[in-house]
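So this one's start_33.txt, compact mmCIF, N, CA and C atoms:
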# COMPACT_ATOMS: atom_id res chain seq x y z
N MET Z 1 13.82 17.48 11.66
CA MET Z 1 14.13 16.04 11.63
C MET Z 1 15.23 15.81 10.61
N LYS Z 2 16.35 15.29 11.08
CA LYS Z 2 17.51 15.09 10.23
C LYS Z 2 17.31 13.94 9.25
N ASN Z 3 16.43 13.06 9.55
CA ASN Z 3 16.22 11.87 8.72
C ASN Z 3 15.07 12.05 7.74
N SER Z 4 14.83 13.28 7.30
CA SER Z 4 13.74 13.50 6.37
C SER Z 4 14.26 14.12 5.08
N ILE Z 5 13.50 13.92 4.03
CA ILE Z 5 13.82 14.47 2.72
C ILE Z 5 12.92 15.69 2.57
N LYS Z 6 13.52 16.85 2.33
CA LYS Z 6 12.74 18.08 2.26
C LYS Z 6 12.90 18.82 0.95
N LYS Z 7 14.07 18.73 0.32
CA LYS Z 7 14.35 19.54 -0.86
C LYS Z 7 13.81 18.91 -2.13
N ASN Z 8 13.30 19.76 -3.01
CA ASN Z 8 12.70 19.31 -4.25
C ASN Z 8 13.68 18.50 -5.09
N LYS Z 9 14.95 18.92 -5.13
CA LYS Z 9 15.93 18.20 -5.94
C LYS Z 9 16.19 16.79 -5.39
N GLU Z 10 16.07 16.61 -4.08
CA GLU Z 10 16.22 15.28 -3.49
C GLU Z 10 15.06 14.38 -3.90
N PHE Z 11 13.85 14.93 -3.89
CA PHE Z 11 12.67 14.17 -4.33
C PHE Z 11 12.84 13.78 -5.80
N LYS Z 12 13.24 14.73 -6.65
CA LYS Z 12 13.39 14.45 -8.08
C LYS Z 12 14.42 13.37 -8.34
N LYS Z 13 15.52 13.39 -7.59
CA LYS Z 13 16.57 12.37 -7.75
C LYS Z 13 16.02 10.98 -7.47
N ILE Z 14 15.20 10.86 -6.45
CA ILE Z 14 14.62 9.56 -6.10
C ILE Z 14 13.58 9.14 -7.13
N TYR Z 15 12.78 10.10 -7.61
CA TYR Z 15 11.78 9.78 -8.65
C TYR Z 15 12.45 9.30 -9.92
N GLU Z 16 13.59 9.86 -10.26
CA GLU Z 16 14.28 9.50 -11.50
C GLU Z 16 14.80 8.06 -11.50
N GLU Z 17 15.03 7.51 -10.33
CA GLU Z 17 15.51 6.12 -10.27
C GLU Z 17 14.41 5.13 -10.64
N LYS Z 18 13.17 5.57 -10.57
CA LYS Z 18 12.01 4.81 -11.04
C LYS Z 18 11.84 3.43 -10.40
N GLN Z 19 12.31 3.27 -9.19
CA GLN Z 19 12.06 2.03 -8.47
C GLN Z 19 10.89 2.28 -7.53
N SER Z 20 9.70 1.84 -7.97
CA SER Z 20 8.51 2.13 -7.18
C SER Z 20 7.50 1.00 -7.28
N PHE Z 21 6.66 0.94 -6.26
CA PHE Z 21 5.50 0.07 -6.23
C PHE Z 21 4.35 0.89 -5.68
N ALA Z 22 3.13 0.48 -5.98
CA ALA Z 22 1.98 1.29 -5.57
C ALA Z 22 0.81 0.42 -5.13
N THR Z 23 -0.02 1.01 -4.30
CA THR Z 23 -1.33 0.47 -3.96
C THR Z 23 -2.34 1.55 -4.36
N LYS Z 24 -3.60 1.34 -4.03
CA LYS Z 24 -4.60 2.34 -4.39
C LYS Z 24 -4.42 3.65 -3.63
N SER Z 25 -3.81 3.59 -2.46
CA SER Z 25 -3.69 4.81 -1.66
C SER Z 25 -2.26 5.35 -1.54
N LEU Z 26 -1.24 4.52 -1.77
CA LEU Z 26 0.15 4.95 -1.59
C LEU Z 26 1.01 4.56 -2.78
N VAL Z 27 2.04 5.36 -3.02
CA VAL Z 27 3.11 4.99 -3.95
C VAL Z 27 4.40 5.13 -3.16
N MET Z 28 5.28 4.13 -3.24
CA MET Z 28 6.55 4.18 -2.53
C MET Z 28 7.69 4.14 -3.53
N TYR Z 29 8.55 5.15 -3.46
CA TYR Z 29 9.77 5.20 -4.24
C TYR Z 29 10.93 4.97 -3.28
N ILE Z 30 11.91 4.16 -3.69
CA ILE Z 30 13.08 3.97 -2.84
C ILE Z 30 14.35 4.15 -3.67
N SER Z 31 15.39 4.51 -2.96
CA SER Z 31 16.70 4.70 -3.56
C SER Z 31 17.75 4.44 -2.49
N LYS Z 32 18.85 3.82 -2.87
CA LYS Z 32 19.95 3.64 -1.93
C LYS Z 32 20.53 5.00 -1.60
N ASN Z 33 20.87 5.23 -0.33
CA ASN Z 33 21.55 6.47 0.01
C ASN Z 33 22.97 6.17 0.45
N SER Z 34 23.75 7.21 0.65
CA SER Z 34 25.17 7.03 0.96
C SER Z 34 25.40 6.68 2.43
N ASP Z 35 24.42 6.94 3.28
CA ASP Z 35 24.55 6.68 4.71
C ASP Z 35 23.97 5.30 5.03
N VAL Z 36 24.83 4.38 5.41
CA VAL Z 36 24.41 3.00 5.67
C VAL Z 36 23.68 2.88 7.00
N GLU Z 37 23.86 3.84 7.88
CA GLU Z 37 23.33 3.75 9.24
C GLU Z 37 21.88 4.20 9.40
N ARG Z 38 21.34 4.92 8.41
CA ARG Z 38 19.99 5.46 8.61
C ARG Z 38 19.23 5.55 7.30
N ASN Z 39 17.92 5.67 7.44
CA ASN Z 39 17.04 5.91 6.32
C ASN Z 39 16.60 7.37 6.37
N ARG Z 40 16.14 7.87 5.23
CA ARG Z 40 15.52 9.18 5.18
C ARG Z 40 14.13 8.99 4.59
N LEU Z 41 13.16 9.71 5.15
CA LEU Z 41 11.77 9.58 4.71
C LEU Z 41 11.28 10.91 4.17
N GLY Z 42 10.63 10.85 3.02
CA GLY Z 42 9.97 12.01 2.44
C GLY Z 42 8.52 11.66 2.16
N ILE Z 43 7.62 12.60 2.42
CA ILE Z 43 6.20 12.36 2.21
C ILE Z 43 5.66 13.47 1.32
N SER Z 44 4.91 13.07 0.29
CA SER Z 44 4.34 14.03 -0.64
C SER Z 44 2.83 13.82 -0.71
N VAL Z 45 2.09 14.92 -0.55
CA VAL Z 45 0.63 14.87 -0.61
C VAL Z 45 0.15 16.01 -1.49
N SER Z 46 -0.63 15.69 -2.50
CA SER Z 46 -1.15 16.69 -3.42
C SER Z 46 -2.29 17.49 -2.78
N HIS Z 47 -2.48 18.68 -3.29
CA HIS Z 47 -3.61 19.50 -2.83
C HIS Z 47 -4.95 18.86 -3.19
N LYS Z 48 -4.95 17.96 -4.15
CA LYS Z 48 -6.18 17.27 -4.57
C LYS Z 48 -6.69 16.31 -3.50
N VAL Z 49 -5.82 15.89 -2.59
CA VAL Z 49 -6.21 14.93 -1.56
C VAL Z 49 -7.18 15.55 -0.56
N GLY Z 50 -6.99 16.81 -0.24
CA GLY Z 50 -7.88 17.46 0.71
C GLY Z 50 -7.29 18.77 1.18
N ASN Z 51 -7.96 19.37 2.16
CA ASN Z 51 -7.44 20.64 2.68
C ASN Z 51 -6.21 20.40 3.56
N SER Z 52 -5.62 21.46 4.06
CA SER Z 52 -4.36 21.32 4.79
C SER Z 52 -4.49 20.49 6.06
N VAL Z 53 -5.63 20.55 6.71
CA VAL Z 53 -5.84 19.75 7.92
C VAL Z 53 -5.81 18.26 7.58
N ILE Z 54 -6.48 17.88 6.52
CA ILE Z 54 -6.52 16.48 6.09
C ILE Z 54 -5.13 16.02 5.64
N ARG Z 55 -4.45 16.85 4.84
CA ARG Z 55 -3.12 16.48 4.35
C ARG Z 55 -2.14 16.31 5.50
N HIS Z 56 -2.16 17.23 6.44
CA HIS Z 56 -1.24 17.14 7.57
C HIS Z 56 -1.55 15.93 8.45
N SER Z 57 -2.83 15.63 8.59
CA SER Z 57 -3.22 14.44 9.35
C SER Z 57 -2.66 13.17 8.69
N LEU Z 58 -2.73 13.10 7.38
CA LEU Z 58 -2.18 11.95 6.66
C LEU Z 58 -0.66 11.87 6.82
N ILE Z 59 0.00 13.01 6.77
CA ILE Z 59 1.45 13.03 6.95
C ILE Z 59 1.82 12.49 8.34
N ARG Z 60 1.09 12.92 9.36
CA ARG Z 60 1.35 12.44 10.72
C ARG Z 60 1.11 10.93 10.83
N LYS Z 61 0.08 10.43 10.17
CA LYS Z 61 -0.20 8.99 10.19
C LYS Z 61 0.94 8.21 9.54
N ILE Z 62 1.42 8.68 8.39
CA ILE Z 62 2.50 7.98 7.70
C ILE Z 62 3.78 8.00 8.53
N ARG Z 63 4.09 9.14 9.14
CA ARG Z 63 5.27 9.21 10.00
C ARG Z 63 5.17 8.23 11.17
N GLU Z 64 3.98 8.12 11.75
CA GLU Z 64 3.78 7.20 12.87
C GLU Z 64 3.90 5.76 12.40
N ILE Z 65 3.35 5.44 11.25
CA ILE Z 65 3.47 4.08 10.70
C ILE Z 65 4.94 3.76 10.46
N TYR Z 66 5.66 4.69 9.87
CA TYR Z 66 7.09 4.50 9.63
C TYR Z 66 7.84 4.29 10.95
N ARG Z 67 7.55 5.12 11.94
CA ARG Z 67 8.21 5.03 13.24
C ARG Z 67 7.93 3.69 13.92
N ASN Z 68 6.69 3.22 13.83
CA ASN Z 68 6.33 1.94 14.45
C ASN Z 68 7.03 0.75 13.81
N ASN Z 69 7.35 0.86 12.53
CA ASN Z 69 7.96 -0.26 11.80
C ASN Z 69 9.44 -0.06 11.54
N LEU Z 70 10.02 0.98 12.07
CA LEU Z 70 11.41 1.34 11.78
C LEU Z 70 12.40 0.23 12.11
N ILE Z 71 12.16 -0.50 13.18
CA ILE Z 71 13.10 -1.53 13.60
C ILE Z 71 13.21 -2.66 12.58
N ARG Z 72 12.19 -2.86 11.77
CA ARG Z 72 12.20 -3.94 10.78
C ARG Z 72 12.52 -3.49 9.35
N ILE Z 73 12.72 -2.19 9.17
CA ILE Z 73 13.05 -1.68 7.84
C ILE Z 73 14.56 -1.60 7.70
N LYS Z 74 15.08 -2.16 6.61
CA LYS Z 74 16.52 -2.15 6.37
C LYS Z 74 17.03 -0.72 6.28
N LYS Z 75 18.27 -0.53 6.73
CA LYS Z 75 18.88 0.80 6.75
C LYS Z 75 19.59 1.09 5.42
N GLY Z 76 19.79 2.38 5.15
CA GLY Z 76 20.55 2.80 3.99
C GLY Z 76 19.70 3.18 2.79
N TYR Z 77 18.45 3.55 3.01
CA TYR Z 77 17.55 3.88 1.90
C TYR Z 77 16.93 5.26 2.07
N ASP Z 78 16.67 5.90 0.94
CA ASP Z 78 15.80 7.08 0.90
C ASP Z 78 14.44 6.57 0.47
N ILE Z 79 13.42 6.88 1.24
CA ILE Z 79 12.07 6.39 0.97
C ILE Z 79 11.16 7.60 0.79
N VAL Z 80 10.44 7.62 -0.33
CA VAL Z 80 9.46 8.68 -0.57
C VAL Z 80 8.08 8.03 -0.68
N ILE Z 81 7.14 8.52 0.11
CA ILE Z 81 5.77 8.06 0.09
C ILE Z 81 4.91 9.15 -0.56
N VAL Z 82 4.17 8.78 -1.59
CA VAL Z 82 3.24 9.70 -2.23
C VAL Z 82 1.83 9.22 -1.91
N LEU Z 83 1.05 10.08 -1.28
CA LEU Z 83 -0.32 9.73 -0.93
C LEU Z 83 -1.23 10.09 -2.09
N ARG Z 84 -2.03 9.14 -2.51
CA ARG Z 84 -2.93 9.35 -3.64
C ARG Z 84 -4.28 9.89 -3.20
N VAL Z 85 -5.02 10.41 -4.17
CA VAL Z 85 -6.39 10.87 -3.90
C VAL Z 85 -7.20 9.68 -3.40
N GLY Z 86 -7.93 9.87 -2.34
CA GLY Z 86 -8.71 8.79 -1.75
C GLY Z 86 -8.05 8.20 -0.52
N SER Z 87 -6.77 8.49 -0.31
CA SER Z 87 -6.09 7.95 0.86
C SER Z 87 -6.63 8.57 2.16
N ASP Z 88 -7.26 9.73 2.04
CA ASP Z 88 -7.84 10.37 3.22
C ASP Z 88 -9.04 9.60 3.76
N LYS Z 89 -9.61 8.73 2.94
CA LYS Z 89 -10.76 7.92 3.36
C LYS Z 89 -10.33 6.62 4.06
N LYS Z 90 -9.04 6.31 3.99
CA LYS Z 90 -8.53 5.06 4.56
C LYS Z 90 -8.29 5.21 6.06
N GLU Z 91 -8.51 4.12 6.77
CA GLU Z 91 -8.23 4.08 8.20
C GLU Z 91 -6.73 3.87 8.42
N PHE Z 92 -6.26 4.18 9.63
CA PHE Z 92 -4.85 4.02 9.98
C PHE Z 92 -4.38 2.59 9.72
N PHE Z 93 -5.20 1.63 10.11
CA PHE Z 93 -4.86 0.21 9.95
C PHE Z 93 -4.62 -0.13 8.48
N ASN Z 94 -5.49 0.37 7.60
CA ASN Z 94 -5.35 0.08 6.17
C ASN Z 94 -4.12 0.75 5.57
N LEU Z 95 -3.82 1.98 6.01
CA LEU Z 95 -2.60 2.65 5.56
C LEU Z 95 -1.37 1.88 6.02
N ASN Z 96 -1.43 1.36 7.24
CA ASN Z 96 -0.32 0.56 7.76
C ASN Z 96 -0.12 -0.71 6.93
N GLU Z 97 -1.21 -1.38 6.60
CA GLU Z 97 -1.12 -2.58 5.76
C GLU Z 97 -0.52 -2.26 4.39
N ASP Z 98 -0.96 -1.16 3.78
CA ASP Z 98 -0.42 -0.75 2.48
C ASP Z 98 1.06 -0.43 2.58
N PHE Z 99 1.45 0.26 3.64
CA PHE Z 99 2.86 0.61 3.84
C PHE Z 99 3.72 -0.65 3.97
N LEU Z 100 3.29 -1.59 4.78
CA LEU Z 100 4.04 -2.84 4.96
C LEU Z 100 4.10 -3.65 3.67
N TYR Z 101 3.01 -3.68 2.94
CA TYR Z 101 2.98 -4.37 1.65
C TYR Z 101 4.03 -3.78 0.70
N LEU Z 102 4.09 -2.46 0.64
CA LEU Z 102 5.05 -1.80 -0.25
C LEU Z 102 6.49 -2.01 0.22
N CYS Z 103 6.71 -2.03 1.52
CA CYS Z 103 8.05 -2.31 2.04
C CYS Z 103 8.50 -3.72 1.65
N LYS Z 104 7.58 -4.67 1.76
CA LYS Z 104 7.90 -6.05 1.39
C LYS Z 104 8.14 -6.17 -0.11
N LYS Z 105 7.35 -5.49 -0.93
CA LYS Z 105 7.56 -5.52 -2.38
C LYS Z 105 8.91 -4.93 -2.76
N ASN Z 106 9.34 -3.90 -2.05
CA ASN Z 106 10.64 -3.27 -2.31
C ASN Z 106 11.80 -4.00 -1.63
N LYS Z 107 11.48 -5.06 -0.90
CA LYS Z 107 12.48 -5.89 -0.21
C LYS Z 107 13.31 -5.09 0.80
N ILE Z 108 12.65 -4.19 1.51
CA ILE Z 108 13.35 -3.46 2.57
C ILE Z 108 12.78 -3.78 3.95
N TYR Z 109 11.90 -4.77 4.02
CA TYR Z 109 11.25 -5.15 5.27
C TYR Z 109 11.73 -6.53 5.67
N THR Z 110 12.19 -6.67 6.92
CA THR Z 110 12.61 -7.98 7.41
C THR Z 110 11.58 -8.47 8.42
N GLU Z 111 11.22 -9.73 8.32
CA GLU Z 111 10.20 -10.31 9.19
C GLU Z 111 10.77 -11.01 10.41
N GLU Z 112 12.08 -11.14 10.48
CA GLU Z 112 12.68 -11.87 11.59
C GLU Z 112 12.50 -11.12 12.88
N ASN Z 113 12.48 -11.86 13.98
CA ASN Z 113 12.33 -11.25 15.30
C ASN Z 113 13.61 -10.54 15.69
N LEU Z 114 13.46 -9.29 16.12
CA LEU Z 114 14.63 -8.50 16.49
C LEU Z 114 14.64 -8.24 17.97
Re-express the file's structure as structure tokens.
Amino acid sequence: MKNSIKKNKEFKKIYEEKQSFATKSLVMYISKNSDVERNRLGISVSHKVGNSVIRHSLIRKIREIYRNNLIRIKKGYDIVIVLRVGSDKKEFFNLNEDFLYLCKKNKIYTEENL
């Protein structure tokens, strides 16, 4: 996936900008990127969250939430989602609500009809 953040140095660069908001299950870091036409998404899940099956399931859920809301998310950002311990107990709907809340707090979500 060309629109994903994979390298450790890319994650560190976004973390250093320190523009973040959090809920009990998610932390969202954002940074402006050089490409105005697209966003890049990075997802980080600690081993403390659960085994590999649980972690990968959470990653798939976050990617799907991002994909479902992509049309309303402003372009030109690098977005890193960090899943916290306990996020594996959350339902898809609750993760979606947390994601949208964080997008609105970061002012990258538009509510207008597209």
Residue neighbourhood Ser87 of chain Z, 8 Å, only C-alpha atoms, exclusion window fewer than 2 positions, as JSON, numbers by chain:
{"Z": [24, 25, 26, 49, 83, 84, 85, 89, 90, 95]}
Distance in Å - atom C of Asp98 of chain Z versus atom CA of Phe11 of chain Z:
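About the pair atom C of Asp98 of chain Z and atom CA of Phe11 of chain Z: they are 19.9 Å apart.
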Close residues, segment 30-45 of chain Z itself excluded, 7 Å, all atoms listed in the file, min 5 positions apart in chain, as a PDB file with N, CA and C atoms, in the frame of the given file:
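Written out: selection.pdb:
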ATOM      1  N   LYS Z   2      16.350  15.290  11.080  1.00  0.00           N
ATOM      2  CA  LYS Z   2      17.510  15.090  10.230  1.00  0.00           C
ATOM      3  C   LYS Z   2      17.310  13.940   9.250  1.00  0.00           C
ATOM      4  N   ASN Z   3      16.430  13.060   9.550  1.00  0.00           N
ATOM      5  CA  ASN Z   3      16.220  11.870   8.720  1.00  0.00           C
ATOM      6  C   ASN Z   3      15.070  12.050   7.740  1.00  0.00           C
ATOM      7  N   SER Z   4      14.830  13.280   7.300  1.00  0.00           N
ATOM      8  CA  SER Z   4      13.740  13.500   6.370  1.00  0.00           C
ATOM      9  C   SER Z   4      14.260  14.120   5.080  1.00  0.00           C
ATOM     10  N   ILE Z   5      13.500  13.920   4.030  1.00  0.00           N
ATOM     11  CA  ILE Z   5      13.820  14.470   2.720  1.00  0.00           C
ATOM     12  C   ILE Z   5      12.920  15.690   2.570  1.00  0.00           C
ATOM     13  N   LYS Z   6      13.520  16.850   2.330  1.00  0.00           N
ATOM     14  CA  LYS Z   6      12.740  18.080   2.260  1.00  0.00           C
ATOM     15  C   LYS Z   6      12.900  18.820   0.950  1.00  0.00           C
ATOM     16  N   ILE Z  14      15.200  10.860  -6.450  1.00  0.00           N
ATOM     17  CA  ILE Z  14      14.620   9.560  -6.100  1.00  0.00           C
ATOM     18  C   ILE Z  14      13.580   9.140  -7.130  1.00  0.00           C
ATOM     19  N   GLU Z  17      15.030   7.510 -10.330  1.00  0.00           N
ATOM     20  CA  GLU Z  17      15.510   6.120 -10.270  1.00  0.00           C
ATOM     21  C   GLU Z  17      14.410   5.130 -10.640  1.00  0.00           C
ATOM     22  N   LYS Z  18      13.170   5.570 -10.570  1.00  0.00           N
ATOM     23  CA  LYS Z  18      12.010   4.810 -11.040  1.00  0.00           C
ATOM     24  C   LYS Z  18      11.840   3.430 -10.400  1.00  0.00           C
ATOM     25  N   GLN Z  19      12.310   3.270  -9.190  1.00  0.00           N
ATOM     26  CA  GLN Z  19      12.060   2.030  -8.470  1.00  0.00           C
ATOM     27  C   GLN Z  19      10.890   2.280  -7.530  1.00  0.00           C
ATOM     28  N   SER Z  20       9.700   1.840  -7.970  1.00  0.00           N
ATOM     29  CA  SER Z  20       8.510   2.130  -7.180  1.00  0.00           C
ATOM     30  C   SER Z  20       7.500   1.000  -7.280  1.00  0.00           C
ATOM     31  N   PHE Z  21       6.660   0.940  -6.260  1.00  0.00           N
ATOM     32  CA  PHE Z  21       5.500   0.070  -6.230  1.00  0.00           C
ATOM     33  C   PHE Z  21       4.350   0.890  -5.680  1.00  0.00           C
ATOM     34  N   ARG Z  55      -4.450  16.850   4.840  1.00  0.00           N
ATOM     35  CA  ARG Z  55      -3.120  16.480   4.350  1.00  0.00           C
ATOM     36  C   ARG Z  55      -2.140  16.310   5.500  1.00  0.00           C
ATOM     37  N   ILE Z  59       0.000  13.010   6.770  1.00  0.00           N
ATOM     38  CA  ILE Z  59       1.450  13.030   6.950  1.00  0.00           C
ATOM     39  C   ILE Z  59       1.820  12.490   8.340  1.00  0.00           C
ATOM     40  N   LYS Z  74      15.080  -2.160   6.610  1.00  0.00           N
ATOM     41  CA  LYS Z  74      16.520  -2.150   6.370  1.00  0.00           C
ATOM     42  C   LYS Z  74      17.030  -0.720   6.280  1.00  0.00           C
ATOM     43  N   LYS Z  75      18.270  -0.530   6.730  1.00  0.00           N
ATOM     44  CA  LYS Z  75      18.880   0.800   6.750  1.00  0.00           C
ATOM     45  C   LYS Z  75      19.590   1.090   5.420  1.00  0.00           C
ATOM     46  N   GLY Z  76      19.790   2.380   5.150  1.00  0.00           N
ATOM     47  CA  GLY Z  76      20.550   2.800   3.990  1.00  0.00           C
ATOM     48  C   GLY Z  76      19.700   3.180   2.790  1.00  0.00           C
ATOM     49  N   TYR Z  77      18.450   3.550   3.010  1.00  0.00           N
ATOM     50  CA  TYR Z  77      17.550   3.880   1.900  1.00  0.00           C
ATOM     51  C   TYR Z  77      16.930   5.260   2.070  1.00  0.00           C
ATOM     52  N   ASP Z  78      16.670   5.900   0.940  1.00  0.00           N
ATOM     53  CA  ASP Z  78      15.800   7.080   0.900  1.00  0.00           C
ATOM     54  C   ASP Z  78      14.440   6.570   0.470  1.00  0.00           C
ATOM     55  N   ILE Z  79      13.420   6.880   1.240  1.00  0.00           N
ATOM     56  CA  ILE Z  79      12.070   6.390   0.970  1.00  0.00           C
ATOM     57  C   ILE Z  79      11.160   7.600   0.790  1.00  0.00           C
ATOM     58  N   VAL Z  80      10.440   7.620  -0.330  1.00  0.00           N
ATOM     59  CA  VAL Z  80       9.460   8.680  -0.570  1.00  0.00           C
ATOM     60  C   VAL Z  80       8.080   8.030  -0.680  1.00  0.00           C
ATOM     61  N   ILE Z  81       7.140   8.520   0.110  1.00  0.00           N
ATOM     62  CA  ILE Z  81       5.770   8.060   0.090  1.00  0.00           C
ATOM     63  C   ILE Z  81       4.910   9.150  -0.560  1.00  0.00           C
ATOM     64  N   VAL Z  82       4.170   8.780  -1.590  1.00  0.00           N
ATOM     65  CA  VAL Z  82       3.240   9.700  -2.230  1.00  0.00           C
ATOM     66  C   VAL Z  82       1.830   9.220  -1.910  1.00  0.00           C
ATOM     67  N   LEU Z  83       1.050  10.080  -1.280  1.00  0.00           N
ATOM     68  CA  LEU Z  83      -0.320   9.730  -0.930  1.00  0.00           C
ATOM     69  C   LEU Z  83      -1.230  10.090  -2.090  1.00  0.00           C
ATOM     70  N   ARG Z  84      -2.030   9.140  -2.510  1.00  0.00           N
ATOM     71  CA  ARG Z  84      -2.930   9.350  -3.640  1.00  0.00           C
ATOM     72  C   ARG Z  84      -4.280   9.890  -3.200  1.00  0.00           C
TER      73      ARG Z  84
END
Interatomic distance between atom CA of Glu64 of chain Z and atom CA of His47 of chain Z?
21.3 Å
Alpha helix (DSSP H) per DSSP on the backbone: members of segment 13-109 of chain Z, as a VMD selection string:
chain Z and resid 13 to 16 52 to 69 92 to 105
What separates atom N of Ile62 of chain Z and atom N of Asn94 of chain Z is a distance of 10.8 Å
Those of segment 3-62 of chain Z in DSSP strand (DSSP E or B), formatted as JSON, numbers by chain:
{"Z": [4, 20, 21, 22, 26, 27, 28, 29, 30, 31, 32, 40, 41, 42, 43, 44, 45]}
Given the selection you just returned, output its residues as a file containing N, CA and C atoms, formatted as an mmCIF file, keeping the file's coordinate frame.
data_model
loop_
_atom_site.group_PDB
_atom_site.id
_atom_site.type_symbol
_atom_site.label_atom_id
_atom_site.label_comp_id
_atom_site.auth_asym_id
_atom_site.auth_seq_id
_atom_site.Cartn_x
_atom_site.Cartn_y
_atom_site.Cartn_z
ATOM 1 N N SER Z 4 14.830 13.280 7.300
ATOM 2 C CA SER Z 4 13.740 13.500 6.370
ATOM 3 C C SER Z 4 14.260 14.120 5.080
ATOM 4 N N SER Z 20 9.700 1.840 -7.970
ATOM 5 C CA SER Z 20 8.510 2.130 -7.180
ATOM 6 C C SER Z 20 7.500 1.000 -7.280
ATOM 7 N N PHE Z 21 6.660 0.940 -6.260
ATOM 8 C CA PHE Z 21 5.500 0.070 -6.230
ATOM 9 C C PHE Z 21 4.350 0.890 -5.680
ATOM 10 N N ALA Z 22 3.130 0.480 -5.980
ATOM 11 C CA ALA Z 22 1.980 1.290 -5.570
ATOM 12 C C ALA Z 22 0.810 0.420 -5.130
ATOM 13 N N LEU Z 26 -1.240 4.520 -1.770
ATOM 14 C CA LEU Z 26 0.150 4.950 -1.590
ATOM 15 C C LEU Z 26 1.010 4.560 -2.780
ATOM 16 N N VAL Z 27 2.040 5.360 -3.020
ATOM 17 C CA VAL Z 27 3.110 4.990 -3.950
ATOM 18 C C VAL Z 27 4.400 5.130 -3.160
ATOM 19 N N MET Z 28 5.280 4.130 -3.240
ATOM 20 C CA MET Z 28 6.550 4.180 -2.530
ATOM 21 C C MET Z 28 7.690 4.140 -3.530
ATOM 22 N N TYR Z 29 8.550 5.150 -3.460
ATOM 23 C CA TYR Z 29 9.770 5.200 -4.240
ATOM 24 C C TYR Z 29 10.930 4.970 -3.280
ATOM 25 N N ILE Z 30 11.910 4.160 -3.690
ATOM 26 C CA ILE Z 30 13.080 3.970 -2.840
ATOM 27 C C ILE Z 30 14.350 4.150 -3.670
ATOM 28 N N SER Z 31 15.390 4.510 -2.960
ATOM 29 C CA SER Z 31 16.700 4.700 -3.560
ATOM 30 C C SER Z 31 17.750 4.440 -2.490
ATOM 31 N N LYS Z 32 18.850 3.820 -2.870
ATOM 32 C CA LYS Z 32 19.950 3.640 -1.930
ATOM 33 C C LYS Z 32 20.530 5.000 -1.600
ATOM 34 N N ARG Z 40 16.140 7.870 5.230
ATOM 35 C CA ARG Z 40 15.520 9.180 5.180
ATOM 36 C C ARG Z 40 14.130 8.990 4.590
ATOM 37 N N LEU Z 41 13.160 9.710 5.150
ATOM 38 C CA LEU Z 41 11.770 9.580 4.710
ATOM 39 C C LEU Z 41 11.280 10.910 4.170
ATOM 40 N N GLY Z 42 10.630 10.850 3.020
ATOM 41 C CA GLY Z 42 9.970 12.010 2.440
ATOM 42 C C GLY Z 42 8.520 11.660 2.160
ATOM 43 N N ILE Z 43 7.620 12.600 2.420
ATOM 44 C CA ILE Z 43 6.200 12.360 2.210
ATOM 45 C C ILE Z 43 5.660 13.470 1.320
ATOM 46 N N SER Z 44 4.910 13.070 0.290
ATOM 47 C CA SER Z 44 4.340 14.030 -0.640
ATOM 48 C C SER Z 44 2.830 13.820 -0.710
ATOM 49 N N VAL Z 45 2.090 14.920 -0.550
ATOM 50 C CA VAL Z 45 0.630 14.870 -0.610
ATOM 51 C C VAL Z 45 0.150 16.010 -1.490
#
Padded axis-aligned box of segment 68-72 of chain Z (8 Å per side), centre and edge lengths, Å, one decimal, as AutoDock Vina command-line options:
--center_x 9.8 --center_y -0.4 --center_z 11.9 --size_x 22.9 --size_y 23.2 --size_z 21.1
